[in-house]
Amino acid sequence: MTRFNSAAAREEAAPYSYVGAGGRVLYLDEEPAPHSVTRSTRPFDARPVVARPVVRTYEGGAGFERDPRFELFLLAVANFVGQETFYEAAGDRDNRFAALVRRLAVEDPQWTAAMLGWLRNRAHMRTASIVGAAEFVHARLAAGLTQGGHNRRVVDSVLQRADEPGELLGYWMSRWGRTVPKPVKRGIADAVRRLYGARSLLKYDTASKGHRFGDVLNLVHASPDPAKPWQGDLFRYALDRRHRPDRAEPPASLPVLTAHRELMELPVAERRAVITAPGGAERLAAAGMTWESLAGWLQGPMDAAAWEAVIPSMGPMALVRNLRNFDEAGVSDEVAARAAARISDPDVVAASRQFPFRYLAAYQRAPSLRWAYPLELALGHSLANVPVLPGRTLILVDRSGSMWSPLSDRSQLNRADAAAIFGTAVAMRADDAALVQFGTDHSRVAYTKGESVLNVLARFGELGGTDTTRAVRAHYRDHDRVLIVTDEQAMYHHCGDPTEQVPGHVPVYTWNLAGYRAGHGPSGAANRHTFGGLTDAAFRMVPLIEQGLSADWPWI
């Protein structure tokens, strides 16, 4: 085996090196350790590794290539389709996602189907799961794999909102033409029976949609659910509404549609009187009038009276998204107080299943102080599942330049602030935690148990590059565990990767927020674990692993 007199000499040889079992770097004249290839559905098992050229992080550090399933998992939980990232173009990222799904749909369909269902239902990644399901089925049909029911079930599992059957059809036709195979039709028909109702028709069956309810019903030939005697009437009305709108009459079995038709037939000059009359809010709710459609119906501005009439029927996240609109319209303090109470209700927060950074984004945008405390309460409630970690914990939050990219094109919140909020929450709930921010430089972040998480956020800065190894070396002091929240694009350091700076018996947990190909260290064995995204489910894995319990994929 070659001996190097310095770290620089070894780095110079790195382009000629290979990754061996366990992520260890091997050099040209060093034989890789023998290993056996095994099949596993656990992300934390040591992956089978064949010697291959070493990869690099985008910052030049030695990278560690992942098992395809692990790479897909990390990419999926961080992949907003069509999203540009700091290091990876949207098209390249989407192509990598599709290629991984197509490969694993053939090689490991049970795992991939379960992952896609979990991605939509527990991780709440809507577009990525729909795209993934379509790519999954197409790849399997192209390979002649039609048995086992995976194709139909995966389509049904990712469709959880009434406009999504049309979205999946639209994606399929844009990729492979208007011929839709039976497994896709049957999976969509299963979802249609679950999702189509009177209120969902009013909300989602609009001219802006590429595929209306009637189009979907024509294509997939969905029959009504026998347990819903009104659904046959709904399907006939949806078809008439799409293809014979002049003859479409709301059925008597669906009073919401009748009430909505009555409102729509009112002269425009009489409509504003409805919202100011006693019982106006109740009448709007009974007719399925949403805040999105109210302005069009009024054909005028959404003033305070309009908002106050529709606020009682708005969902909690619709309230959170419109706080600025409420203030600009001059909604009264009385109505705002009721909205604030709903936003901050712990049961409502739990039922909404929203990521905590949704409340942080609203807090940063809300113009008046009357929303600050309710949003902080909601943020605290959304973090209720973050575990209380015993012993001493080192938490490192990446504040490098690449972390300032937004979580998605639809979000004003960046990864750096999302990481800081989670790191602070864990620190406050841990028995004894050191909270550190790092980039090119690094520093401790002061906090006091019980103080506002949002106040602590103001103490984080922007710190340039990504010298993760340096930060770990500076702050690790015999801690019981290390948590790193990052995009893993670490710079080269002559002392090795960040996880090498921690003794092997001490667990290192990495939360990867971006899903890039190369990781900053090995994972899957020997107390080194990497999770994708920021979810309460991922945080709960820490005590599970440390208690020696099963650390299966989240959907197992």
# chains A, B, ... in the order shown; residues from 1 in each chain; ligands from 1
$ residues_around --residues "segment 385-392 of chain A" --least-positions-apart "2" --cutoff "6 Å" --atoms "only C-alpha atoms" --output "mmCIF file with N, CA and C atoms, in the first residue's frame"
data_model
loop_
_atom_site.group_PDB
_atom_site.id
_atom_site.type_symbol
_atom_site.label_atom_id
_atom_site.label_comp_id
_atom_site.auth_asym_id
_atom_site.auth_seq_id
_atom_site.Cartn_x
_atom_site.Cartn_y
_atom_site.Cartn_z
ATOM 1 N N LEU A 383 -43.479 21.726 16.637
ATOM 2 C CA LEU A 383 -42.233 21.063 17.011
ATOM 3 C C LEU A 383 -42.404 20.108 18.194
ATOM 4 N N ARG A 429 -34.773 21.700 23.680
ATOM 5 C CA ARG A 429 -35.426 20.539 24.286
ATOM 6 C C ARG A 429 -34.433 19.502 24.797
ATOM 7 N N ALA A 430 -33.168 19.641 24.435
ATOM 8 C CA ALA A 430 -32.155 18.685 24.887
ATOM 9 C C ALA A 430 -31.742 18.983 26.326
ATOM 10 N N ASP A 431 -31.229 17.958 27.007
ATOM 11 C CA ASP A 431 -30.747 18.154 28.376
ATOM 12 C C ASP A 431 -29.607 19.162 28.428
ATOM 13 N N ASP A 432 -28.652 19.019 27.524
ATOM 14 C CA ASP A 432 -27.462 19.876 27.531
ATOM 15 C C ASP A 432 -26.936 19.927 26.101
ATOM 16 N N ALA A 433 -27.108 21.059 25.434
ATOM 17 C CA ALA A 433 -26.747 21.145 24.021
ATOM 18 C C ALA A 433 -25.894 22.370 23.742
ATOM 19 N N HIS A 479 -18.921 15.047 23.365
ATOM 20 C CA HIS A 479 -20.382 15.026 23.385
ATOM 21 C C HIS A 479 -20.887 13.603 23.162
ATOM 22 N N ASP A 480 -22.122 13.375 23.557
ATOM 23 C CA ASP A 480 -22.721 12.045 23.400
ATOM 24 C C ASP A 480 -23.250 11.805 21.988
ATOM 25 N N ASP A 536 -40.518 15.927 11.664
ATOM 26 C CA ASP A 536 -40.551 15.374 13.010
ATOM 27 C C ASP A 536 -40.241 13.884 12.997
ATOM 28 N N PHE A 539 -36.527 13.375 13.197
ATOM 29 C CA PHE A 539 -35.981 13.645 14.528
ATOM 30 C C PHE A 539 -36.287 12.518 15.503
#
$ closest_residue --among "A:Ala287, A:Ala123, A:Cys495, A:Ala361" --to "Arg470 of chain A" --atoms "only C-alpha atoms"
A:Cys495
$ closest_residue --among "A:Leu298, A:Ala336, A:Val542, A:Val348" --to "Glu265 of chain A" --atoms "only C-alpha atoms"
A:Leu298
$ atom_distance --atom1 "atom CA of Leu513 of chain A" --atom2 "atom CA of Pro406 of chain A"
10.8 Å
$ residues_around --residues "segment 300-303 of chain A" --least-positions-apart "3" --cutoff "12 Å" --atoms "only C-alpha atoms" --output "list of chain:residue names"
A:Val268, A:Ala269, A:Arg271, A:Arg272, A:Ile275, A:Thr276, A:Trp291, A:Glu292, A:Ser293, A:Leu294, A:Ala295, A:Gly296, A:Trp297, A:Ala306, A:Trp307, A:Glu308, A:Ala309, A:Val310, A:Ile311, A:Asn322, A:Asn325, A:Phe326, A:Asp327, A:Glu328, A:Ala329, A:Gly330, A:Val331, A:Ser332
$ residues_around --residues "Tyr237 of chain A" --least-positions-apart "5" --cutoff "7 Å" --atoms "only C-alpha atoms" --output "PyMOL selection string"
chain A and resi 248-250
$ write_last_selection --atoms "C-alpha atoms" --output "mmCIF file, in the first residue's frame"
data_model
loop_
_atom_site.group_PDB
_atom_site.id
_atom_site.type_symbol
_atom_site.label_atom_id
_atom_site.label_comp_id
_atom_site.auth_asym_id
_atom_site.auth_seq_id
_atom_site.Cartn_x
_atom_site.Cartn_y
_atom_site.Cartn_z
ATOM 1 C CA ALA A 248 -75.942 21.245 -16.355
ATOM 2 C CA GLU A 249 -78.359 21.367 -13.418
ATOM 3 C CA PRO A 250 -77.144 20.819 -9.819
#
$ select_by_dssp --residues "segment 103-295 of chain A" --states "helix (DSSP H, G or I)" --output "ChimeraX atom specification"
/A:103-107,109-121,126-142,150-158,164-176,182-195,198-204,213-220,231-243,245-247,255-265,268-276,280-286,291-295
$ residues_around --residues "Leu319 of chain A" --least-positions-apart "5" --cutoff "8 Å" --atoms "only C-alpha atoms" --output "MDAnalysis selection string"
chainID A and resid 311 314 339 343
$ residues_around --residues "Ala416 of chain A" --least-positions-apart "5" --cutoff "9 Å" --atoms "only C-alpha atoms" --output "PDB file with C-alpha atoms, in the first residue's frame"
ATOM      1  CA  VAL A 397     -26.211  24.518  11.672  1.00  0.00           C
ATOM      2  CA  ASP A 398     -24.882  25.265   8.179  1.00  0.00           C
ATOM      3  CA  ARG A 399     -25.049  29.000   7.352  1.00  0.00           C
ATOM      4  CA  SER A 400     -22.910  28.896   4.204  1.00  0.00           C
ATOM      5  CA  GLY A 401     -23.784  30.698   0.972  1.00  0.00           C
ATOM      6  CA  SER A 402     -25.523  27.742  -0.689  1.00  0.00           C
ATOM      7  CA  MET A 403     -27.907  27.426   2.255  1.00  0.00           C
ATOM      8  CA  TRP A 404     -29.485  30.787   1.425  1.00  0.00           C
ATOM      9  CA  SER A 405     -31.299  29.312  -1.562  1.00  0.00           C
ATOM     10  CA  PRO A 406     -35.063  29.133  -0.994  1.00  0.00           C
ATOM     11  CA  ILE A 421     -35.083  26.971  13.565  1.00  0.00           C
ATOM     12  CA  GLU A 462     -24.286  34.386   6.984  1.00  0.00           C
ATOM     13  CA  THR A 486     -26.591  21.102   6.142  1.00  0.00           C
TER      14      THR A 486
END
$ residues_around --residues "Tyr373 of chain A" --least-positions-apart "3" --cutoff "12 Å" --atoms "only C-alpha atoms" --output "count of residues only"
22
$ atom_distance --atom1 "atom CA of Arg236 of chain A" --atom2 "atom CA of Gly214 of chain A"
8.6 Å
$ closest_residue --among "A:Asp441, A:Asp417, A:Glu71, A:Asp478" --to "Leu457 of chain A" --atoms "only C-alpha atoms"
A:Asp417
$ select_by_dssp --residues "segment 420-497 of chain A" --states "strand (DSSP E)" --output "list in words"
Asp432, Ala433, Ala434, Leu435, Val436, Gln437, Phe438, His442, Ser443, Arg444, Arg481, Val482, Leu483, Ile484, Val485 and Thr486 of chain A
$ write_last_selection --atoms "N, CA and C atoms" --output "short mmCIF file (atom, residue, chain, number, x, y, z; two decimals), in the first residue's frame"
data_model
loop_
_atom_site.label_atom_id
_atom_site.label_comp_id
_atom_site.auth_asym_id
_atom_site.auth_seq_id
_atom_site.Cartn_x
_atom_site.Cartn_y
_atom_site.Cartn_z
N ASP A 432 -28.65 19.02 27.52
CA ASP A 432 -27.46 19.88 27.53
C ASP A 432 -26.94 19.93 26.10
N ALA A 433 -27.11 21.06 25.43
CA ALA A 433 -26.75 21.14 24.02
C ALA A 433 -25.89 22.37 23.74
N ALA A 434 -24.89 22.20 22.87
CA ALA A 434 -24.11 23.31 22.33
C ALA A 434 -24.62 23.58 20.93
N LEU A 435 -25.09 24.80 20.68
CA LEU A 435 -25.64 25.19 19.39
C LEU A 435 -24.60 26.02 18.65
N VAL A 436 -24.21 25.57 17.45
CA VAL A 436 -23.12 26.19 16.70
C VAL A 436 -23.59 26.51 15.29
N GLN A 437 -23.23 27.69 14.79
CA GLN A 437 -23.40 28.02 13.38
C GLN A 437 -22.04 27.95 12.71
N PHE A 438 -22.03 27.50 11.43
CA PHE A 438 -20.76 27.37 10.75
C PHE A 438 -20.88 27.68 9.27
N HIS A 442 -16.99 29.83 12.27
CA HIS A 442 -17.95 29.15 13.13
C HIS A 442 -18.03 29.88 14.45
N SER A 443 -19.16 29.72 15.15
CA SER A 443 -19.31 30.35 16.46
C SER A 443 -20.47 29.72 17.21
N ARG A 444 -20.42 29.79 18.53
CA ARG A 444 -21.53 29.34 19.36
C ARG A 444 -22.68 30.34 19.24
N ARG A 481 -23.47 12.87 21.25
CA ARG A 481 -23.92 12.76 19.86
C ARG A 481 -23.65 14.08 19.17
N VAL A 482 -23.62 14.02 17.82
CA VAL A 482 -23.43 15.22 17.00
C VAL A 482 -24.54 15.26 15.94
N LEU A 483 -25.21 16.41 15.82
CA LEU A 483 -26.24 16.62 14.82
C LEU A 483 -25.77 17.73 13.88
N ILE A 484 -25.82 17.49 12.57
CA ILE A 484 -25.40 18.48 11.59
C ILE A 484 -26.55 18.71 10.61
N VAL A 485 -27.00 19.96 10.49
CA VAL A 485 -28.07 20.32 9.57
C VAL A 485 -27.45 21.12 8.44
N THR A 486 -27.46 20.59 7.19
CA THR A 486 -26.59 21.10 6.14
C THR A 486 -27.08 20.66 4.77
#
$ atom_distance --atom1 "atom CA of Leu463 of chain A" --atom2 "atom CA of Gly439 of chain A"
4.6 Å
